[in-house]
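Participant: Please see the structure below; I have some questions.
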Amino acid sequence: MNSEELFKEAQTLFPMGVNSPVRYYKPVPVIFKHGYGSKIYDVENHEYIDYSLAFGPMILGHANKTVAEKIKNQVDSGILFGSLTENEVKLGEIIRNAVGSIKMMRFTNSGTEATMHAIRLARGFTGRKLIVKMEGGYHGAHDYALIKSGSGNITFGVPSSAGVPEEVSKTVLVGQYNDIESIETLFKQYGNDIACVITEPVLGNIGVVSPKNDFLKSLREITEKYSSLLIFDEVITGFRFAFKGYQDIIGIKPDLTTMGKIIGGGAPIGLFGGREDIMEKISPSGDVYEAGTFSGNPLSTAAGIATLEILRNKDYNYINNYASMLGKALEEITSELHMDVQINVAYSMLQMFFNKTPVVDYRTAISSDANKFRRLFMELLKLGIYVPPSQFETQFISFAHTDSDLNKTVDAYTKALESIRD
Ligand code: PLP
């Protein structure tokens, strides 16, 4: 079947033909068949340089031979036992040795599960009900995470999805990333009832936005002052900027951390972990329930071990420099074309916003011209460059991207930006 036929069939099977909403776009989303290194290929065999990397995990590029070999070996020796395995211990040790604040952990099957359990654990440990999340912070698709800020003077969040009870959103306070005063205001009023603050340390789900002015340090101080827990959601940032967490780069210790994506090397995984005294609250040692048939499964952990063992010996400057060179090139192109854009780069993550003002939080991010970005996406596609299809996602660099990819990408961006200039 060609793309059109496949998509037609898919629409009879899945709402709008997809299994996750951001994968849908008009007229027909690209349907990928395989990928090698930095390239992915659609069912018509068109080649694209991939800057989505499956929304982050594929940091080594696609079909890495060593990782594939380790997965195949595991397939040949059994893929699920429903009991503790050696792989889990190995992967757990690698992660604990690399991420300072993770003393104990539990593996889950996705980042969504990881943050859901971490939030329940924070509530169980502190005996408090309220949580604080940042507007525009994404922590997966469970009820406690699908909350946005209400309008006007409403302090509590409102559901950002139908089906999330108002009772749930009334337990979630929404603060502004990079605006510590907004957090202080919440703590002044509700501090003794706040179980935790959860935040991505670098926002990656509204495009990329870095922390400024000691925002994260102040979050650490204020949570300590009120005996609330600080949860860093490092599902994207864990092992993305260096062979450790972002927390280890900046020297801030959260109480709990969530991870996913890279630690499974492209196979389904999640993790929550942190202080021993908190983790011991998890069942069966404690009374906070958490479980999963596939949690810590042999396949995902084999892929994770193989990926992290390779990453351990990689020089992250390579991907970080690539992103900064691409960012600089994009700045030059857009300045020559007199286009109003903001280019945010954080290590090996990058996004271009069609916006006159600097993008520093959710509100500035959503003031960007998302339609223009969509036009850019379409033009880039025609030129063999695949970036995530939304203004509010992040472009990622892998170790498989080459100098020649960079040159081709800059050429393609030049043409694409010229053609969408108004
Ligand atoms: N947390 C962050 C920061 C994420 O970026 C994501 C997914 O993109 C999640 C949690 C949810 O992870 P998953 O899609 O594996 O459920």
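FYI, nothing fancy with the structure tokens labels: chains A, B, ... in order, residues from 1 per chain, ligands from 1 as they appear.
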Find the residues near Pro211 in chain A: any atom within 12 Å, counting only C-alpha atoms, skip ones fewer than 6 places away on the same chain, and give them as a list in words.

Facilitator: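 After dropping sequence-adjacent residues, the list is Gln176, Tyr177, Asn178, Asp179, Ile180, Thr199, Glu200, Pro201, Val202, Leu203, Gly204, Lys217, Ser218, Leu219, Tyr246, Gln247, Ile250, Asn344, Val345, Ala346, Val359, Val360 and Asp361 of chain A.
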
Participant: Quick one: pick out all helix (DSSP H, G or I) residues within range 291-350 of chain A from a backbone DSSP run and write them as a PyMOL selection string.

Facilitator: chain A and resi 298-311+317-336

Participant: Show which residues sit within 12 Å of Gly251 in chain A, as a PyMOL selection string. Count only C-alpha atoms, and ignore same-chain residues fewer than 5 positions away.

Facilitator: chain A and resi 99-101+201+214+216-217+220+244-246

Participant: Keeping only N, CA and C atoms, write the selected residues as a short mmCIF file (atom, residue, chain, number, x, y, z; two decimals), in the first residue's frame.

Facilitator:
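Below you can see part.cif, which holds the result:
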```cif
data_model
loop_
_atom_site.label_atom_id
_atom_site.label_comp_id
_atom_site.auth_asym_id
_atom_site.auth_seq_id
_atom_site.Cartn_x
_atom_site.Cartn_y
_atom_site.Cartn_z
N VAL A 99 23.57 9.48 37.81
CA VAL A 99 22.67 10.57 38.23
C VAL A 99 22.69 10.67 39.76
N GLY A 100 23.30 11.76 40.24
CA GLY A 100 23.60 11.88 41.66
C GLY A 100 22.44 11.69 42.62
N SER A 101 21.28 12.17 42.28
CA SER A 101 20.18 12.17 43.26
C SER A 101 19.38 10.88 43.25
N PRO A 201 13.29 20.52 33.88
CA PRO A 201 14.30 21.54 34.19
C PRO A 201 14.57 22.45 33.00
N ASP A 214 18.57 31.73 37.99
CA ASP A 214 18.50 30.87 39.18
C ASP A 214 17.11 30.33 39.47
N LEU A 216 15.72 27.48 38.88
CA LEU A 216 15.65 26.12 39.43
C LEU A 216 16.22 26.08 40.86
N LYS A 217 17.26 26.89 41.08
CA LYS A 217 17.85 26.96 42.42
C LYS A 217 16.81 27.51 43.40
N ARG A 220 14.35 24.92 44.29
CA ARG A 220 14.90 24.01 45.29
C ARG A 220 14.77 24.62 46.70
N LYS A 244 24.69 12.05 32.09
CA LYS A 244 24.11 12.27 33.43
C LYS A 244 22.81 13.02 33.25
N GLY A 245 22.26 13.46 34.36
CA GLY A 245 21.04 14.26 34.24
C GLY A 245 21.39 15.74 34.11
N TYR A 246 20.42 16.54 33.71
CA TYR A 246 20.65 17.98 33.67
C TYR A 246 20.94 18.49 35.08
#
```

Participant: Calculate how many Å separate atom 8 (O, counted along the ligand's line) of ligand 1 from CA of Met134 in chain A, rounding to one decimal.

Facilitator: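 If I compute the distance from atom 8 (O, counted along the ligand's line) of ligand 1 to CA of Met134 in chain A, I get 15.1 Å.
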
Participant: Give me the chain A side of the contact with ligand 1, cut-off 10 Å, one line per residue showing its nearest atom pair and distance in Å at one decimal, counting only C-alpha atoms and all ligand atoms, sorted by chain and residue number, as a tab-separated table.

Facilitator:
```
residue	atom	partner	partner_atom_place_in_ligand_line	distance
A:Ser20	CA	ligand 1	14 (O)	9.1
A:Ala54	CA	ligand 1	8 (O)	9.5
A:Phe55	CA	ligand 1	8 (O)	6.7
A:Gly56	CA	ligand 1	8 (O)	8.0
A:Pro57	CA	ligand 1	15 (O)	9.6
A:Thr108	CA	ligand 1	15 (O)	9.4
A:Asn109	CA	ligand 1	15 (O)	7.3
A:Ser110	CA	ligand 1	15 (O)	3.8
A:Gly111	CA	ligand 1	12 (O)	3.2
A:Thr112	CA	ligand 1	16 (O)	3.6
A:Glu113	CA	ligand 1	16 (O)	6.4
A:Ala114	CA	ligand 1	10 (C)	7.6
A:Thr115	CA	ligand 1	10 (C)	6.6
A:Met116	CA	ligand 1	10 (C)	9.3
A:Gly137	CA	ligand 1	3 (C)	7.3
A:Tyr138	CA	ligand 1	2 (C)	5.4
A:His139	CA	ligand 1	1 (N)	3.7
A:Gly140	CA	ligand 1	11 (C)	3.6
A:Ala141	CA	ligand 1	16 (O)	6.7
A:His142	CA	ligand 1	16 (O)	8.8
A:Ala145	CA	ligand 1	10 (C)	9.0
A:Thr199	CA	ligand 1	3 (C)	8.1
A:Glu200	CA	ligand 1	3 (C)	5.6
A:Pro201	CA	ligand 1	3 (C)	8.8
A:Val202	CA	ligand 1	3 (C)	8.7
A:Leu203	CA	ligand 1	3 (C)	7.4
A:Gly204	CA	ligand 1	5 (O)	6.4
A:Asn205	CA	ligand 1	5 (O)	6.0
A:Ile206	CA	ligand 1	5 (O)	9.8
A:Phe232	CA	ligand 1	3 (C)	9.0
A:Asp233	CA	ligand 1	3 (C)	5.5
A:Glu234	CA	ligand 1	3 (C)	6.0
A:Val235	CA	ligand 1	3 (C)	4.7
A:Ile236	CA	ligand 1	5 (O)	5.2
A:Thr237	CA	ligand 1	3 (C)	7.7
A:Gly238	CA	ligand 1	3 (C)	9.7
A:Thr258	CA	ligand 1	1 (N)	7.6
A:Met259	CA	ligand 1	1 (N)	7.6
A:Gly260	CA	ligand 1	15 (O)	6.0
A:Lys261	CA	ligand 1	15 (O)	6.3
A:Ala267	CA	ligand 1	15 (O)	9.8
A:Pro268	CA	ligand 1	15 (O)	7.1
A:Ile269	CA	ligand 1	15 (O)	6.8
A:Gly270	CA	ligand 1	15 (O)	6.5
A:Leu271	CA	ligand 1	15 (O)	9.8
A:Glu393	CA	ligand 1	8 (O)	9.1
A:Thr394	CA	ligand 1	5 (O)	9.7
```

Participant: Within 12 Å of Val89 in chain A, counting only C-alpha atoms, which residues qualify if same-chain residues fewer than 5 places away don't, as a list of chain:residue names?

Facilitator: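 Skipping anything fewer than 5 positions along the chain leaves A:Ser83, A:Leu84, A:Ile94, A:Ile95, A:Arg96, A:Met104, A:Met105, A:Arg106, A:Phe107, A:Gly296, A:Asn297, A:Pro298, A:Thr301, A:Ala302, A:Gly304, A:Ile305.
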
Participant: Counting only C-alpha atoms, which residue out of A:Thr171, A:Phe81, A:Leu337, A:Leu299 sits closest to Val67 in chain A?

Facilitator: A:Leu299

Participant: For the structure I just gave you, how does DSSP split range 56-274 of chain A - specifically, which residues are strand (DSSP E or B)? Reply as a PyMOL selection string.

Facilitator: chain A and resi 62+104-108+130-134+147-149+156-159+172-175+194-199+203+209+229-233+256-260+270-274

Participant: Write the residues you've just listed into a file as a CSV table (one decimal), in the first residue's frame, and include N, CA and C atoms for each of them.

Facilitator:
```csv
chain,number,residue,atom,x,y,z
A,62,HIS,N,19.2,5.9,14.1
A,62,HIS,CA,18.4,4.7,14.0
A,62,HIS,C,19.1,3.5,13.7
A,104,MET,N,17.5,5.2,44.6
A,104,MET,CA,16.7,4.0,44.3
A,104,MET,C,15.7,4.4,43.3
A,105,MET,N,15.2,3.4,42.5
A,105,MET,CA,14.3,3.8,41.4
A,105,MET,C,13.3,2.6,41.2
A,106,ARG,N,12.3,3.0,40.4
A,106,ARG,CA,11.4,1.9,39.8
A,106,ARG,C,11.3,2.2,38.3
A,107,PHE,N,11.4,1.2,37.5
A,107,PHE,CA,11.2,1.3,36.1
A,107,PHE,C,9.7,1.2,35.8
A,108,THR,N,9.3,2.0,34.8
A,108,THR,CA,7.9,1.9,34.3
A,108,THR,C,8.0,1.7,32.8
A,130,LEU,N,-2.0,18.9,47.3
A,130,LEU,CA,-1.7,19.8,46.2
A,130,LEU,C,-0.4,19.6,45.5
A,131,ILE,N,-0.4,19.8,44.2
A,131,ILE,CA,0.9,19.8,43.5
A,131,ILE,C,1.0,21.1,42.7
A,132,VAL,N,2.2,21.4,42.3
A,132,VAL,CA,2.5,22.6,41.5
A,132,VAL,C,3.1,22.1,40.2
A,133,LYS,N,2.6,22.5,39.1
A,133,LYS,CA,3.2,22.3,37.8
A,133,LYS,C,3.4,23.6,37.0
A,134,MET,N,4.2,23.6,36.0
A,134,MET,CA,4.4,24.8,35.3
A,134,MET,C,3.5,24.9,34.1
A,147,ILE,N,-3.4,19.5,33.0
A,147,ILE,CA,-4.0,20.6,33.6
A,147,ILE,C,-3.3,21.9,33.1
A,148,LYS,N,-4.1,22.9,32.8
A,148,LYS,CA,-3.5,24.2,32.4
A,148,LYS,C,-4.0,25.2,33.4
A,149,SER,N,-3.5,26.4,33.3
A,149,SER,CA,-3.9,27.4,34.2
A,149,SER,C,-5.3,28.0,33.8
A,156,PHE,N,-6.3,27.7,41.0
A,156,PHE,CA,-6.2,26.3,40.6
A,156,PHE,C,-6.3,26.1,39.1
A,157,GLY,N,-5.7,25.0,38.7
A,157,GLY,CA,-5.7,24.7,37.3
A,157,GLY,C,-7.1,24.2,36.8
A,158,VAL,N,-7.2,24.2,35.5
A,158,VAL,CA,-8.4,23.6,34.9
A,158,VAL,C,-8.0,22.5,34.0
A,159,PRO,N,-8.9,21.5,33.7
A,159,PRO,CA,-8.5,20.4,32.9
A,159,PRO,C,-8.1,20.9,31.5
A,172,VAL,N,-4.3,20.8,41.6
A,172,VAL,CA,-3.1,21.2,40.8
A,172,VAL,C,-3.0,22.7,40.7
A,173,LEU,N,-1.9,23.2,41.2
A,173,LEU,CA,-1.7,24.7,41.0
A,173,LEU,C,-0.7,24.9,39.9
A,174,VAL,N,-1.0,25.9,39.1
A,174,VAL,CA,-0.1,26.1,37.9
A,174,VAL,C,0.7,27.4,38.1
A,175,GLY,N,2.0,27.2,38.0
A,175,GLY,CA,2.9,28.3,38.1
A,175,GLY,C,3.5,28.7,36.7
A,194,ILE,N,1.3,21.8,49.9
A,194,ILE,CA,1.8,21.4,48.6
A,194,ILE,C,2.8,20.2,48.8
A,195,ALA,N,2.4,19.1,48.1
A,195,ALA,CA,3.2,17.9,48.2
A,195,ALA,C,4.5,18.0,47.4
A,196,CYS,N,4.4,18.6,46.2
A,196,CYS,CA,5.5,18.7,45.3
A,196,CYS,C,5.4,19.7,44.2
A,197,VAL,N,6.5,20.1,43.7
A,197,VAL,CA,6.6,20.9,42.5
A,197,VAL,C,7.2,20.0,41.5
A,198,ILE,N,6.5,19.8,40.3
A,198,ILE,CA,7.1,19.1,39.2
A,198,ILE,C,7.4,20.0,38.1
A,199,THR,N,8.6,19.9,37.5
A,199,THR,CA,8.9,20.7,36.4
A,199,THR,C,10.0,20.0,35.5
A,203,LEU,N,12.4,23.3,29.6
A,203,LEU,CA,11.2,23.0,28.9
A,203,LEU,C,11.5,22.5,27.5
A,209,VAL,N,13.0,25.8,25.9
A,209,VAL,CA,13.2,27.0,26.7
A,209,VAL,C,14.1,26.7,27.9
A,229,LEU,N,8.3,18.3,48.1
A,229,LEU,CA,9.3,17.7,47.3
A,229,LEU,C,9.5,18.4,46.0
A,230,LEU,N,10.7,18.3,45.5
A,230,LEU,CA,11.0,18.8,44.1
A,230,LEU,C,11.2,17.7,43.2
A,231,ILE,N,10.4,17.6,42.1
A,231,ILE,CA,10.5,16.6,41.1
A,231,ILE,C,11.0,17.2,39.8
A,232,PHE,N,12.2,16.7,39.3
A,232,PHE,CA,12.6,17.1,38.0
A,232,PHE,C,12.2,16.1,37.0
A,233,ASP,N,11.4,16.5,36.0
A,233,ASP,CA,11.0,15.6,35.0
A,233,ASP,C,12.1,15.6,33.9
A,256,LEU,N,13.0,13.8,43.8
A,256,LEU,CA,12.6,12.7,42.9
A,256,LEU,C,12.9,13.1,41.4
A,257,THR,N,13.2,12.2,40.6
A,257,THR,CA,13.5,12.4,39.2
A,257,THR,C,12.7,11.5,38.4
A,258,THR,N,12.2,11.9,37.2
A,258,THR,CA,11.6,11.0,36.3
A,258,THR,C,12.4,11.0,35.0
A,259,MET,N,12.5,9.8,34.4
A,259,MET,CA,13.3,9.7,33.2
A,259,MET,C,12.5,8.8,32.2
A,260,GLY,N,12.9,8.7,31.0
A,260,GLY,CA,12.3,7.9,30.0
A,260,GLY,C,13.1,8.0,28.7
A,270,GLY,N,10.2,4.0,31.3
A,270,GLY,CA,10.2,5.2,32.1
A,270,GLY,C,10.8,4.8,33.4
A,271,LEU,N,11.1,5.8,34.2
A,271,LEU,CA,11.7,5.6,35.5
A,271,LEU,C,11.3,6.7,36.5
A,272,PHE,N,11.1,6.4,37.7
A,272,PHE,CA,11.0,7.4,38.7
A,272,PHE,C,11.9,6.9,39.9
A,273,GLY,N,12.7,7.9,40.4
A,273,GLY,CA,13.6,7.5,41.5
A,273,GLY,C,14.1,8.7,42.3
A,274,GLY,N,14.9,8.4,43.3
A,274,GLY,CA,15.4,9.6,44.1
A,274,GLY,C,15.8,9.1,45.5
```

Participant: Quick one: residues within 12 Å of Glu4 in chain A, only C-alpha atoms, excluding same-chain residues fewer than 5 positions away - as JSON, numbers by chain?

Facilitator: {"A": [9, 10, 11, 17, 26, 27, 28, 29, 30, 31, 42, 43, 44]}

Participant: Write out as an mmCIF file with C-alpha atoms, in the first residue's frame which residues come within 12 Å of Phe32 in chain A when counting only C-alpha atoms, dropping same-chain ones fewer than 3 positions away.

Facilitator:
```cif
data_model
loop_
_atom_site.group_PDB
_atom_site.id
_atom_site.type_symbol
_atom_site.label_atom_id
_atom_site.label_comp_id
_atom_site.auth_asym_id
_atom_site.auth_seq_id
_atom_site.Cartn_x
_atom_site.Cartn_y
_atom_site.Cartn_z
ATOM 1 C CA ASN A 2 1.218 3.545 -0.685
ATOM 2 C CA SER A 3 1.021 6.366 1.894
ATOM 3 C CA LEU A 6 -2.255 3.246 4.316
ATOM 4 C CA PHE A 7 -3.477 6.493 5.836
ATOM 5 C CA ARG A 23 1.580 12.588 14.640
ATOM 6 C CA VAL A 28 -1.179 12.800 4.864
ATOM 7 C CA PRO A 29 1.415 12.349 7.621
ATOM 8 C CA GLY A 35 15.679 4.367 9.439
ATOM 9 C CA TYR A 36 19.467 4.086 9.533
ATOM 10 C CA LYS A 39 18.140 9.149 7.985
ATOM 11 C CA ILE A 40 14.588 7.863 7.897
ATOM 12 C CA TYR A 41 12.702 6.556 4.863
ATOM 13 C CA ASP A 42 9.009 6.653 4.062
ATOM 14 C CA VAL A 43 6.989 3.922 2.363
ATOM 15 C CA GLU A 44 7.707 5.544 -1.022
ATOM 16 C CA ASN A 45 11.406 5.359 -0.119
ATOM 17 C CA HIS A 46 11.994 9.113 0.170
ATOM 18 C CA GLU A 47 14.931 9.893 2.427
ATOM 19 C CA TYR A 48 14.801 12.466 5.233
ATOM 20 C CA ASP A 50 15.680 13.180 10.997
ATOM 21 C CA ALA A 54 11.044 9.942 17.701
ATOM 22 C CA TYR A 386 12.124 15.951 8.883
#
```
